[in-house]
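The structure file entry-v4.cif is reproduced below (mmCIF, C-alpha atoms and all ligand atoms).
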data_run
loop_
_atom_site.label_atom_id
_atom_site.label_comp_id
_atom_site.auth_asym_id
_atom_site.auth_seq_id
_atom_site.Cartn_x
_atom_site.Cartn_y
_atom_site.Cartn_z
CA MET A 1 0.00 0.00 0.00
CA ALA A 2 1.45 3.34 -1.07
CA THR A 3 2.18 5.63 1.83
CA SER A 4 1.94 8.63 -0.51
CA LYS A 5 -1.48 9.74 -1.65
CA ILE A 6 -2.90 12.50 -3.80
CA LEU A 7 -6.56 13.36 -3.25
CA ALA A 8 -7.62 15.13 -6.40
CA GLY A 9 -10.63 16.86 -7.87
CA ALA A 10 -12.83 17.82 -4.90
CA GLN A 11 -13.41 21.19 -3.24
CA VAL A 12 -10.61 21.53 -0.70
CA VAL A 13 -11.23 23.79 2.30
CA LEU A 14 -8.07 25.63 3.34
CA PRO A 15 -7.64 28.41 5.93
CA THR A 16 -7.42 30.84 3.01
CA GLY A 17 -10.66 29.64 1.43
CA THR A 18 -12.06 26.84 -0.69
CA VAL A 19 -10.16 25.60 -3.74
CA PRO A 20 -12.39 23.96 -6.38
CA GLY A 21 -10.79 20.96 -8.06
CA GLY A 22 -8.03 21.11 -5.45
CA ARG A 23 -5.45 18.57 -4.41
CA VAL A 24 -4.32 17.34 -1.01
CA LEU A 25 -0.90 15.73 -1.00
CA VAL A 26 -0.12 13.18 1.69
CA GLU A 27 3.30 11.75 2.45
CA GLY A 28 3.35 9.17 5.23
CA THR A 29 1.38 10.61 8.13
CA ARG A 30 1.55 14.25 7.01
CA VAL A 31 0.17 16.69 4.51
CA THR A 32 2.94 17.79 2.21
CA GLY A 33 3.48 20.73 -0.11
CA SER A 34 4.93 19.01 -3.15
CA ALA A 35 3.62 16.01 -5.06
CA PRO A 36 5.13 12.87 -3.58
CA GLY A 37 6.65 10.44 -6.07
CA ASP A 38 5.00 7.06 -6.59
CA ALA A 39 1.77 8.30 -5.06
CA GLU A 40 -1.61 6.64 -5.22
CA VAL A 41 -4.05 9.08 -6.85
CA ILE A 42 -7.56 9.11 -5.41
CA ASP A 43 -9.99 10.85 -7.74
CA LEU A 44 -12.88 12.57 -5.99
CA ALA A 45 -16.01 14.07 -7.51
CA PRO A 46 -15.93 17.86 -8.11
CA ASP A 47 -18.99 18.37 -5.87
CA HIS A 48 -17.35 16.54 -2.96
CA TRP A 49 -15.48 18.32 -0.18
CA VAL A 50 -12.19 17.64 1.57
CA VAL A 51 -12.12 19.28 5.00
CA PRO A 52 -9.77 18.97 7.99
CA GLY A 53 -10.52 16.19 10.50
CA PHE A 54 -12.87 17.30 13.25
CA VAL A 55 -11.63 18.19 16.75
CA ASP A 56 -14.01 17.51 19.64
CA ILE A 57 -13.10 19.13 22.96
CA HIS A 58 -16.14 17.82 24.85
CA ASN A 59 -17.02 14.16 24.49
CA HIS A 60 -17.92 11.50 27.08
CA GLY A 61 -17.90 8.40 24.91
CA GLY A 62 -19.58 6.50 22.10
CA GLY A 63 -20.03 3.11 20.51
CA GLY A 64 -21.55 1.85 23.77
CA ALA A 65 -18.44 2.82 25.75
CA SER A 66 -17.87 5.48 28.40
CA PHE A 67 -14.71 7.53 28.89
CA THR A 68 -15.64 7.94 32.58
CA SER A 69 -16.07 4.28 33.49
CA GLY A 70 -14.90 2.02 30.65
CA THR A 71 -11.82 -0.16 30.44
CA VAL A 72 -8.93 0.88 28.19
CA ASP A 73 -10.45 -1.23 25.39
CA ASP A 74 -13.83 0.46 25.94
CA VAL A 75 -12.26 3.90 25.73
CA LEU A 76 -10.46 2.94 22.51
CA LYS A 77 -13.76 1.68 21.10
CA GLY A 78 -15.40 5.01 21.94
CA ILE A 79 -12.54 6.88 20.26
CA HIS A 80 -12.79 4.66 17.17
CA THR A 81 -16.55 5.18 16.95
CA HIS A 82 -16.04 8.94 16.75
CA ARG A 83 -13.23 8.54 14.22
CA LEU A 84 -15.67 6.70 11.97
CA HIS A 85 -17.70 9.93 12.09
CA GLY A 86 -14.82 12.23 11.22
CA THR A 87 -13.49 13.18 14.66
CA THR A 88 -9.76 12.58 14.32
CA THR A 89 -8.86 14.45 17.52
CA VAL A 90 -10.87 13.93 20.70
CA VAL A 91 -10.58 15.10 24.28
CA ALA A 92 -12.11 12.67 26.79
CA SER A 93 -14.59 14.31 29.15
CA THR A 94 -15.34 12.80 32.53
CA VAL A 95 -18.52 13.30 34.54
CA THR A 96 -18.75 13.97 38.28
CA GLY A 97 -17.43 11.21 40.50
CA GLU A 98 -15.54 10.76 43.77
CA MET A 99 -12.22 12.62 43.79
CA ASP A 100 -10.19 9.40 44.14
CA PHE A 101 -12.11 7.77 41.32
CA LEU A 102 -11.55 10.77 39.02
CA ALA A 103 -7.84 10.83 39.88
CA GLN A 104 -7.65 7.14 38.97
CA ARG A 105 -9.50 7.76 35.67
CA ALA A 106 -7.09 10.60 34.95
CA GLY A 107 -4.25 8.08 35.21
CA LEU A 108 -5.86 5.71 32.69
CA LEU A 109 -6.89 8.45 30.26
CA SER A 110 -3.54 10.26 30.45
CA GLU A 111 -1.81 7.06 29.27
CA LEU A 112 -4.04 7.02 26.20
CA ALA A 113 -3.22 10.68 25.66
CA GLU A 114 0.51 10.01 25.98
CA GLN A 115 0.29 7.36 23.26
CA GLY A 116 -1.62 9.74 20.99
CA ASP A 117 -5.11 8.21 21.09
CA LEU A 118 -6.61 11.12 23.03
CA ALA A 119 -5.82 14.84 22.91
CA GLY A 120 -6.20 15.13 26.67
CA ILE A 121 -8.78 15.17 29.44
CA HIS A 122 -11.66 17.52 30.23
CA PHE A 123 -12.94 17.34 33.78
CA GLU A 124 -16.63 18.23 33.78
CA GLY A 125 -17.53 18.21 37.44
CA PRO A 126 -17.35 17.81 40.35
CA PHE A 127 -16.75 21.58 40.66
CA ILE A 128 -20.16 22.63 39.37
CA SER A 129 -23.32 24.17 40.75
CA PRO A 130 -25.99 21.99 42.37
CA CYS A 131 -28.53 24.44 40.88
CA ARG A 132 -27.35 23.56 37.36
CA LYS A 133 -26.14 20.03 37.82
CA GLY A 134 -27.71 18.57 34.67
CA ALA A 135 -26.80 14.89 34.54
CA HIS A 136 -24.24 15.03 37.35
CA SER A 137 -24.67 13.32 40.69
CA GLU A 138 -25.60 16.01 43.24
CA ALA A 139 -24.20 14.15 46.25
CA LEU A 140 -20.71 14.17 44.70
CA LEU A 141 -20.55 17.86 43.73
CA ARG A 142 -18.05 20.06 45.53
CA GLU A 143 -16.83 23.62 45.52
CA PRO A 144 -13.86 24.36 43.27
CA ASP A 145 -11.16 24.31 45.94
CA PRO A 146 -7.87 25.02 44.10
CA ALA A 147 -6.22 22.20 46.08
CA ASP A 148 -8.70 19.70 44.63
CA VAL A 149 -8.33 21.13 41.12
CA ARG A 150 -4.59 20.76 41.57
CA LYS A 151 -5.00 17.14 42.65
CA LEU A 152 -6.78 16.22 39.41
CA MET A 153 -4.32 18.24 37.33
CA ASP A 154 -1.45 16.31 38.90
CA ALA A 155 -3.21 12.97 38.43
CA ALA A 156 -3.55 13.78 34.73
CA ARG A 157 0.25 14.19 34.39
CA GLY A 158 0.08 17.22 32.09
CA GLN A 159 -2.83 15.84 30.03
CA ALA A 160 -5.59 17.89 31.73
CA LYS A 161 -6.71 20.24 28.98
CA MET A 162 -9.89 21.73 30.44
CA PHE A 163 -11.96 21.99 33.61
CA THR A 164 -15.59 23.04 33.60
CA LEU A 165 -16.27 25.13 36.71
CA ALA A 166 -19.14 26.99 38.29
CA THR A 167 -16.84 29.93 38.88
CA GLU A 168 -19.28 31.72 41.24
CA LEU A 169 -18.74 29.10 43.94
CA ALA A 170 -16.17 29.50 46.75
CA GLY A 171 -12.67 29.00 45.29
CA GLY A 172 -13.94 29.46 41.75
CA ILE A 173 -11.94 32.51 40.80
CA ASP A 174 -8.77 31.20 42.45
CA SER A 175 -9.21 27.94 40.55
CA VAL A 176 -9.59 29.85 37.27
CA ARG A 177 -6.32 31.66 38.02
CA LEU A 178 -4.56 28.40 38.89
CA LEU A 179 -5.68 26.75 35.63
CA ALA A 180 -4.79 29.78 33.52
CA GLU A 181 -1.32 29.89 35.09
CA HIS A 182 -0.77 26.27 34.05
CA GLY A 183 -2.10 26.69 30.52
CA VAL A 184 -5.21 24.59 31.25
CA ILE A 185 -8.52 25.89 29.91
CA ALA A 186 -10.90 27.18 32.57
CA ALA A 187 -14.39 26.72 31.12
CA ILE A 188 -17.44 28.36 32.65
CA GLY A 189 -20.36 25.95 32.81
CA HIS A 190 -22.98 24.13 34.88
CA THR A 191 -23.14 27.53 36.51
CA ASP A 192 -25.66 29.74 38.24
CA ALA A 193 -23.46 32.85 37.92
CA SER A 194 -24.81 36.33 37.32
CA TYR A 195 -23.61 38.51 34.44
CA GLU A 196 -21.21 40.30 36.80
CA GLN A 197 -19.83 37.10 38.30
CA THR A 198 -19.24 35.74 34.81
CA VAL A 199 -17.33 38.87 33.76
CA GLN A 200 -15.18 38.46 36.89
CA ALA A 201 -14.32 34.87 35.91
CA ILE A 202 -13.41 35.93 32.37
CA ASP A 203 -11.18 38.66 33.76
CA ALA A 204 -9.50 36.02 35.94
CA GLY A 205 -8.64 33.95 32.85
CA ALA A 206 -11.60 31.74 31.82
CA THR A 207 -11.65 31.29 28.03
CA VAL A 208 -14.41 28.79 27.18
CA ALA A 209 -18.17 28.58 27.73
CA THR A 210 -19.15 24.96 28.33
CA HIS A 211 -22.14 24.14 26.09
CA LEU A 212 -23.44 27.70 26.02
CA TYR A 213 -27.11 27.96 27.06
CA ASN A 214 -27.26 24.43 28.51
CA ALA A 215 -26.95 24.17 32.31
CA MET A 216 -26.90 27.93 32.94
CA PRO A 217 -29.51 30.68 33.54
CA GLY A 218 -31.21 32.12 30.46
CA ILE A 219 -31.00 35.72 29.30
CA GLY A 220 -33.25 38.17 31.17
CA HIS A 221 -33.54 41.81 30.25
CA ARG A 222 -32.65 42.97 33.78
CA GLU A 223 -30.50 39.96 34.56
CA PRO A 224 -28.57 39.18 31.38
CA GLY A 225 -26.79 36.33 33.18
CA PRO A 226 -23.79 34.33 31.97
CA ILE A 227 -24.92 33.91 28.36
CA ALA A 228 -24.73 37.62 27.53
CA ALA A 229 -21.35 37.96 29.27
CA LEU A 230 -19.92 34.92 27.46
CA LEU A 231 -21.25 35.88 24.04
CA GLU A 232 -20.04 39.46 24.08
CA ASP A 233 -16.49 38.88 25.32
CA GLU A 234 -13.80 38.48 22.66
CA ARG A 235 -11.74 36.30 25.01
CA ILE A 236 -14.37 33.53 25.13
CA THR A 237 -14.94 30.64 22.73
CA VAL A 238 -18.45 29.22 23.07
CA GLU A 239 -19.14 25.50 22.81
CA LEU A 240 -22.39 24.70 21.02
CA ILE A 241 -24.15 21.31 20.78
CA ASN A 242 -25.85 21.52 17.40
CA ASP A 243 -27.97 18.38 17.46
CA GLY A 244 -31.39 20.02 17.15
CA THR A 245 -32.28 18.86 20.69
CA HIS A 246 -30.00 20.84 22.99
CA LEU A 247 -30.60 24.13 21.19
CA HIS A 248 -33.41 25.66 19.19
CA PRO A 249 -32.08 26.63 15.74
CA ALA A 250 -32.76 30.29 16.56
CA ALA A 251 -30.68 30.05 19.74
CA PHE A 252 -27.86 28.39 17.81
CA GLU A 253 -27.96 31.07 15.15
CA LEU A 254 -28.11 33.90 17.71
CA ALA A 255 -24.98 32.56 19.39
CA PHE A 256 -23.17 32.04 16.10
CA HIS A 257 -24.12 35.51 14.96
CA HIS A 258 -22.63 37.08 18.09
CA ALA A 259 -19.60 34.88 18.70
CA GLY A 260 -18.87 34.46 15.00
CA ALA A 261 -16.91 31.72 13.26
CA ALA A 262 -13.74 32.66 15.15
CA ARG A 263 -15.18 32.12 18.64
CA THR A 264 -17.40 29.07 18.21
CA ALA A 265 -16.45 25.43 18.87
CA LEU A 266 -18.90 22.76 17.77
CA ILE A 267 -18.88 19.88 20.24
CA THR A 268 -20.84 16.67 20.70
CA ASP A 269 -21.02 16.26 24.51
CA ALA A 270 -21.65 12.69 23.34
CA MET A 271 -22.31 9.83 25.75
CA ASP A 272 -22.05 6.05 25.24
CA ALA A 273 -25.05 5.78 22.92
CA ALA A 274 -23.46 7.96 20.21
CA GLY A 275 -22.89 5.82 17.13
CA PHE A 276 -24.57 2.93 18.95
CA GLY A 277 -28.30 3.09 19.61
CA ASP A 278 -31.25 3.58 21.95
CA GLY A 279 -31.37 1.79 25.29
CA ARG A 280 -30.34 2.04 28.94
CA TYR A 281 -26.89 3.39 29.82
CA MET A 282 -24.98 4.67 32.83
CA LEU A 283 -23.56 8.20 32.86
CA GLY A 284 -21.16 8.03 35.79
CA PRO A 285 -23.35 6.76 38.62
CA LEU A 286 -26.64 7.87 37.03
CA GLU A 287 -28.97 5.82 34.84
CA VAL A 288 -29.86 7.21 31.43
CA GLU A 289 -32.56 6.19 28.97
CA VAL A 290 -31.86 6.90 25.30
CA LYS A 291 -35.00 7.08 23.21
CA ASP A 292 -35.15 8.31 19.61
CA SER A 293 -31.46 9.26 20.03
CA VAL A 294 -32.22 11.66 22.92
CA ALA A 295 -30.48 10.81 26.21
CA ARG A 296 -32.32 11.65 29.43
CA LEU A 297 -31.80 10.76 33.09
CA VAL A 298 -34.22 8.03 34.16
CA GLU A 299 -34.80 10.04 37.33
CA GLY A 300 -35.90 13.62 36.69
CA GLY A 301 -35.60 13.51 32.90
CA SER A 302 -32.69 15.97 32.52
CA ILE A 303 -30.96 15.83 29.15
CA ALA A 304 -27.91 13.64 29.77
CA GLY A 305 -25.37 14.36 27.07
CA SER A 306 -26.06 13.77 23.43
CA THR A 307 -25.82 10.99 20.86
CA LEU A 308 -24.36 13.46 18.40
CA THR A 309 -21.38 12.84 16.16
CA LEU A 310 -19.56 15.75 14.56
CA ASP A 311 -20.38 14.71 10.98
CA ARG A 312 -24.05 15.27 11.84
CA ALA A 313 -23.27 18.60 13.50
CA PHE A 314 -21.39 19.63 10.34
CA LYS A 315 -24.23 18.71 8.03
CA ARG A 316 -26.85 20.34 10.20
CA SER A 317 -24.86 23.59 10.53
CA VAL A 318 -24.71 23.92 6.75
CA THR A 319 -28.07 22.51 5.64
CA VAL A 320 -30.35 23.65 8.50
CA ASP A 321 -28.56 26.74 9.82
CA GLY A 322 -27.17 27.96 6.53
CA LEU A 323 -23.59 28.49 7.69
CA SER A 324 -20.85 28.53 5.08
CA VAL A 325 -18.63 25.46 4.83
CA ASP A 326 -15.61 27.65 5.61
CA ASP A 327 -17.24 28.86 8.83
CA VAL A 328 -18.20 25.36 9.92
CA VAL A 329 -14.64 24.16 9.33
CA ARG A 330 -13.34 26.90 11.59
CA ALA A 331 -15.82 26.00 14.32
CA ILE A 332 -15.41 22.23 14.08
CA SER A 333 -11.65 21.90 13.41
CA ALA A 334 -9.52 25.05 13.56
CA ASN A 335 -10.87 26.75 16.69
CA PRO A 336 -10.88 23.68 18.94
CA ALA A 337 -7.37 22.82 17.71
CA LYS A 338 -6.23 26.34 18.61
CA LEU A 339 -7.82 26.08 22.07
CA LEU A 340 -5.90 22.87 22.70
CA GLY A 341 -2.64 24.45 21.54
CA MET A 342 -2.48 21.86 18.73
CA TYR A 343 -3.05 24.06 15.68
CA ASP A 344 0.54 23.50 14.57
CA ARG A 345 -0.36 19.80 14.08
CA VAL A 346 -4.11 19.52 13.39
CA GLY A 347 -7.13 21.71 12.56
CA SER A 348 -6.30 22.64 8.95
CA LEU A 349 -4.98 21.04 5.76
CA GLU A 350 -1.56 22.65 5.58
CA PRO A 351 1.81 21.15 4.70
CA GLY A 352 3.57 19.68 7.72
CA LYS A 353 0.39 18.96 9.65
CA ASP A 354 -1.07 15.53 10.34
CA ALA A 355 -2.96 14.14 7.34
CA ASP A 356 -6.29 14.16 9.22
CA LEU A 357 -9.16 14.83 6.86
CA VAL A 358 -12.78 14.12 6.06
CA VAL A 359 -14.39 13.64 2.64
CA LEU A 360 -18.01 14.79 2.38
CA ASP A 361 -20.36 14.48 -0.58
CA ALA A 362 -22.51 17.26 -2.04
CA GLU A 363 -25.19 16.60 0.62
CA PHE A 364 -22.53 16.74 3.37
CA GLU A 365 -22.78 13.02 4.09
CA LEU A 366 -19.50 11.56 5.28
CA LYS A 367 -17.72 9.51 2.59
CA GLY A 368 -14.17 9.19 3.88
CA VAL A 369 -12.01 9.75 6.95
CA MET A 370 -8.23 9.77 7.02
CA ARG A 371 -6.18 9.95 10.22
CA LYS A 372 -2.41 10.40 10.14
CA GLY A 373 -2.34 9.36 6.49
CA GLU A 374 -4.36 6.14 6.94
CA TRP A 375 -7.98 5.70 5.87
CA VAL A 376 -10.34 5.06 8.77
CA VAL A 377 -13.23 5.18 6.29
CA THR A 378 -12.12 4.61 2.70
CA PRO A 379 -14.07 6.60 0.11
CA ALA A 380 -15.74 4.42 -2.53
CA SER A 381 -14.13 4.93 -5.93
ZN ZN A 401 -20.49 17.06 29.01
#

So that I can check it, write out the structure of this file as structure tokens.
Amino acid sequence: MATSKILAGAQVVLPTGTVPGGRVLVEGTRVTGSAPGDAEVIDLAPDHWVVPGFVDIHNHGGGGASFTSGTVDDVLKGIHTHRLHGTTTVVASTVTGEMDFLAQRAGLLSELAEQGDLAGIHFEGPFISPCRKGAHSEALLREPDPADVRKLMDAARGQAKMFTLATELAGGIDSVRLLAEHGVIAAIGHTDASYEQTVQAIDAGATVATHLYNAMPGIGHREPGPIAALLEDERITVELINDGTHLHPAAFELAFHHAGAARTALITDAMDAAGFGDGRYMLGPLEVEVKDSVARLVEGGSIAGSTLTLDRAFKRSVTVDGLSVDDVVRAISANPAKLLGMYDRVGSLEPGKDADLVVLDAEFELKGVMRKGEWVVTPAS
């Protein structure tokens, strides 16, 4: 099998714009600038698209497997499931658990990150608000004491990439400062903060809004709350779950209009059922029923993550919300790669970067996925 490949003839989305009838040159695991000798030429239809592999910074699992509770093989299965849907870079998100349990999970997940299967760990909980707990176990929630944040950071051996915090709680602002000092993303989420408290957390160094709108107060005209503060501030990237369930299309479009393509990150917040099917699952210690692809807690009925994959988010953003392909590529690949400090390696199709790419047809259905120069999904010729 040739290690050099030339993908030819489709619309290629580059940071500088879309090239019709473009070529992507692959040598070994990387994109290259000059045509490699002895290359296999893959002809693609002119109405097809070649876009960078997707980067998901908020994902709890898939393929029936959980990043919070599964074995190493389970976690790898979850990662592979999302690769089949175009996500070539994934951060594993945990849900609230006991501190010792989370520290132990951090050990297992950091090994997978060290060997390149994961892009790091996102701790969602336990440092979140009981008022906005969503599908997190209330009994295990705690205030964001910087010493506890530090404990999980240490357990992750440099692979902690993001913490979601309710920054209005005691220790919240100090924890934001601690994370920012160590180059770890402080994300505001599962929060009951006011507008003013949110501004304070951004000033302290928070840079991401965890699934904007979900698990936070709505916008009121006298109490604009966290959403207005997060949308208006140039320092914040907003995560959006564009599955048609978590957000009304008008709410999605309002956020995109304000944050723009440069400050939006499309995420899945996927749980085990993504790429798998309806049924009963566990999300951490809580039981979840997935029906018609919507995951809800058995007790209370809170939405409990999604069954979204990023190929569906891509298609929906273009075909339902009318975003340009260029804008979706920024929100689904480039921006999350930049947040993770990985844009020198992934997030765009430029020479020297990993050959991570997705082939879509004219209807934005996924037709091919390449990761580090190898097909995960081979496009039909
Ligand atoms: Zn989540």

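The shortest atom-to-atom distance to ligand ZN 401 (chain A), with only C-alpha atoms and all ligand atoms taken into account, belongs to A:Ala135 out of A:Leu230, A:Ala135, A:Val369, A:Ala261.
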
Within 7 Å of ligand ZN 401 (chain A) (counting all atoms listed in the file), which residues show up? I'd like them as a VMD selection string.
chain A and resid 58 to 60 93 95 124 269 305

Restrict the calculation to only C-alpha atoms, then for each residue of region 7-81 of chain A with any atom at most 10 Å from an atom of region 310-321 of chain A give the closest atom pair and their distance in Å to one decimal, rows by chain and rising residue number, as CSV.
residue,atom,partner,partner_atom,distance
A:Gly53,CA,A:Leu310,CA,9.9
A:Phe54,CA,A:Leu310,CA,7.0
A:Val55,CA,A:Leu310,CA,8.6
A:Asp56,CA,A:Leu310,CA,7.7

For the selection just defined, write its residues with C-alpha atoms to a file, as a PDB file, keeping the file's coordinate frame.
ATOM      1  CA  GLY A  53     -10.520  16.190  10.500  1.00  0.00           C
ATOM      2  CA  PHE A  54     -12.870  17.300  13.250  1.00  0.00           C
ATOM      3  CA  VAL A  55     -11.630  18.190  16.750  1.00  0.00           C
ATOM      4  CA  ASP A  56     -14.010  17.510  19.640  1.00  0.00           C
TER       5      ASP A  56
END

Nearest residue to Ile241 (chain A) out of A:Thr309, A:Gln197, A:Ser110, A:Thr207, using all atoms listed in the file?
A:Thr309

Counting all atoms listed in the file, which residues come within 12 Å of (-30.8, -1.2, 23.1), with the point read in the file's coordinates, and could you list them as an MDAnalysis selection string?
chainID A and resid 63:64 272:273 276:281 288:293

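In this model, the gap between CA of Ser194 (chain A) and CA of Pro217 (chain A) comes to 8.3 Å.
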
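With only C-alpha atoms as the atoms that count, the minimum distance from Thr16 (chain A) to the choices A:Val359, A:Leu165, A:Leu286, A:Val329 is reached by A:Val329.
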
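Pairwise distance (CA of Glu196 (chain A), CA of Ser137 (chain A)) equals 27.5 Å.
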
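Here the question is which of A:Gly158, A:Gly275, A:Gly134, A:Gly189 gets nearest to Ser302 (chain A) using all atoms listed in the file, and that residue is A:Gly134.
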
Could you give me, as number ranges by chain, the residues within 12 Å of Leu108 (chain A), counting only C-alpha atoms and dropping anything in the same chain fewer than 3 positions from it?
A: 67-76, 92, 94, 101-105, 111-115, 117-118, 120-121, 155-157, 159

Between CA of Leu212 (chain A) and CA of Pro146 (chain A), what distance in Å does the model show, to one decimal?
24.0 Å

Which residues are close to Asn335 (chain A), i.e. within 9 Å by all atoms listed in the file, leaving aside same-chain residues fewer than 2 positions away? Reply as a list of chain:residue names.
A:Val55, A:Thr237, A:Ala261, A:Ala262, A:Arg263, A:Thr264, A:Ala265, A:Val329, A:Arg330, A:Ala331, A:Ile332, A:Ser333, A:Ala337, A:Lys338, A:Leu339, A:Leu340, A:Tyr343, A:Gly347

Name the residues in contact with Pro224 (chain A) at a cut-off of 12 Å, using all atoms listed in the file, excluding same-chain residues fewer than 4 positions from it; report them as JSON, numbers by chain.
{"A": [193, 194, 195, 196, 197, 198, 199, 216, 217, 218, 219, 220, 228, 229, 230, 231, 232]}

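Among the candidates A:Gly125, A:Gly62, A:Ile42, A:Gly172, the residue lying nearest to Ala380 (chain A) is A:Ile42 (atoms considered: all atoms listed in the file).
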
I'd like the contact shell of Leu179 (chain A) - 9 Å cut-off, only C-alpha atoms, skipping same-chain residues fewer than 3 positions apart - returned as a PyMOL selection string.
chain A and resi 146+149-150+153+162-163+174-176+182-186+205-206

Contact residues around Ile173 (chain A) with all atoms listed in the file at 7 Å, ignoring same-chain residues under 6 positions, as a ChimeraX atom specification
/A:167,201,204

With C-alpha atoms kept, could you save the residues just selected as a CSV table (one decimal), keeping the file's coordinate frame?
chain,number,residue,atom,x,y,z
A,167,THR,CA,-16.8,29.9,38.9
A,201,ALA,CA,-14.3,34.9,35.9
A,204,ALA,CA,-9.5,36.0,35.9

Counting all atoms listed in the file, which residues have an atom no more than 12 Å from (-2.2, 15.3, -3.3) in the file's coordinates? Please list them as a PDB file with C-alpha atoms, keeping the file's coordinate frame.
ATOM      1  CA  THR A   3       2.180   5.630   1.830  1.00  0.00           C
ATOM      2  CA  SER A   4       1.940   8.630  -0.510  1.00  0.00           C
ATOM      3  CA  LYS A   5      -1.480   9.740  -1.650  1.00  0.00           C
ATOM      4  CA  ILE A   6      -2.900  12.500  -3.800  1.00  0.00           C
ATOM      5  CA  LEU A   7      -6.560  13.360  -3.250  1.00  0.00           C
ATOM      6  CA  ALA A   8      -7.620  15.130  -6.400  1.00  0.00           C
ATOM      7  CA  GLY A   9     -10.630  16.860  -7.870  1.00  0.00           C
ATOM      8  CA  ALA A  10     -12.830  17.820  -4.900  1.00  0.00           C
ATOM      9  CA  VAL A  12     -10.610  21.530  -0.700  1.00  0.00           C
ATOM     10  CA  GLY A  21     -10.790  20.960  -8.060  1.00  0.00           C
ATOM     11  CA  GLY A  22      -8.030  21.110  -5.450  1.00  0.00           C
ATOM     12  CA  ARG A  23      -5.450  18.570  -4.410  1.00  0.00           C
ATOM     13  CA  VAL A  24      -4.320  17.340  -1.010  1.00  0.00           C
ATOM     14  CA  LEU A  25      -0.900  15.730  -1.000  1.00  0.00           C
ATOM     15  CA  VAL A  26      -0.120  13.180   1.690  1.00  0.00           C
ATOM     16  CA  GLU A  27       3.300  11.750   2.450  1.00  0.00           C
ATOM     17  CA  GLY A  28       3.350   9.170   5.230  1.00  0.00           C
ATOM     18  CA  ARG A  30       1.550  14.250   7.010  1.00  0.00           C
ATOM     19  CA  VAL A  31       0.170  16.690   4.510  1.00  0.00           C
ATOM     20  CA  THR A  32       2.940  17.790   2.210  1.00  0.00           C
ATOM     21  CA  GLY A  33       3.480  20.730  -0.110  1.00  0.00           C
ATOM     22  CA  SER A  34       4.930  19.010  -3.150  1.00  0.00           C
ATOM     23  CA  ALA A  35       3.620  16.010  -5.060  1.00  0.00           C
ATOM     24  CA  PRO A  36       5.130  12.870  -3.580  1.00  0.00           C
ATOM     25  CA  GLY A  37       6.650  10.440  -6.070  1.00  0.00           C
ATOM     26  CA  ASP A  38       5.000   7.060  -6.590  1.00  0.00           C
ATOM     27  CA  ALA A  39       1.770   8.300  -5.060  1.00  0.00           C
ATOM     28  CA  GLU A  40      -1.610   6.640  -5.220  1.00  0.00           C
ATOM     29  CA  VAL A  41      -4.050   9.080  -6.850  1.00  0.00           C
ATOM     30  CA  ILE A  42      -7.560   9.110  -5.410  1.00  0.00           C
ATOM     31  CA  ASP A  43      -9.990  10.850  -7.740  1.00  0.00           C
ATOM     32  CA  LEU A  44     -12.880  12.570  -5.990  1.00  0.00           C
ATOM     33  CA  VAL A  50     -12.190  17.640   1.570  1.00  0.00           C
ATOM     34  CA  LEU A 349      -4.980  21.040   5.760  1.00  0.00           C
ATOM     35  CA  GLU A 350      -1.560  22.650   5.580  1.00  0.00           C
ATOM     36  CA  PRO A 351       1.810  21.150   4.700  1.00  0.00           C
ATOM     37  CA  ALA A 355      -2.960  14.140   7.340  1.00  0.00           C
ATOM     38  CA  GLY A 373      -2.340   9.360   6.490  1.00  0.00           C
TER      39      GLY A 373
END

Find, counting only C-alpha atoms, the residue in A:Gly260, A:Arg177, A:Ala65, A:Asp361 that gets nearest to His82 (chain A).
A:Ala65
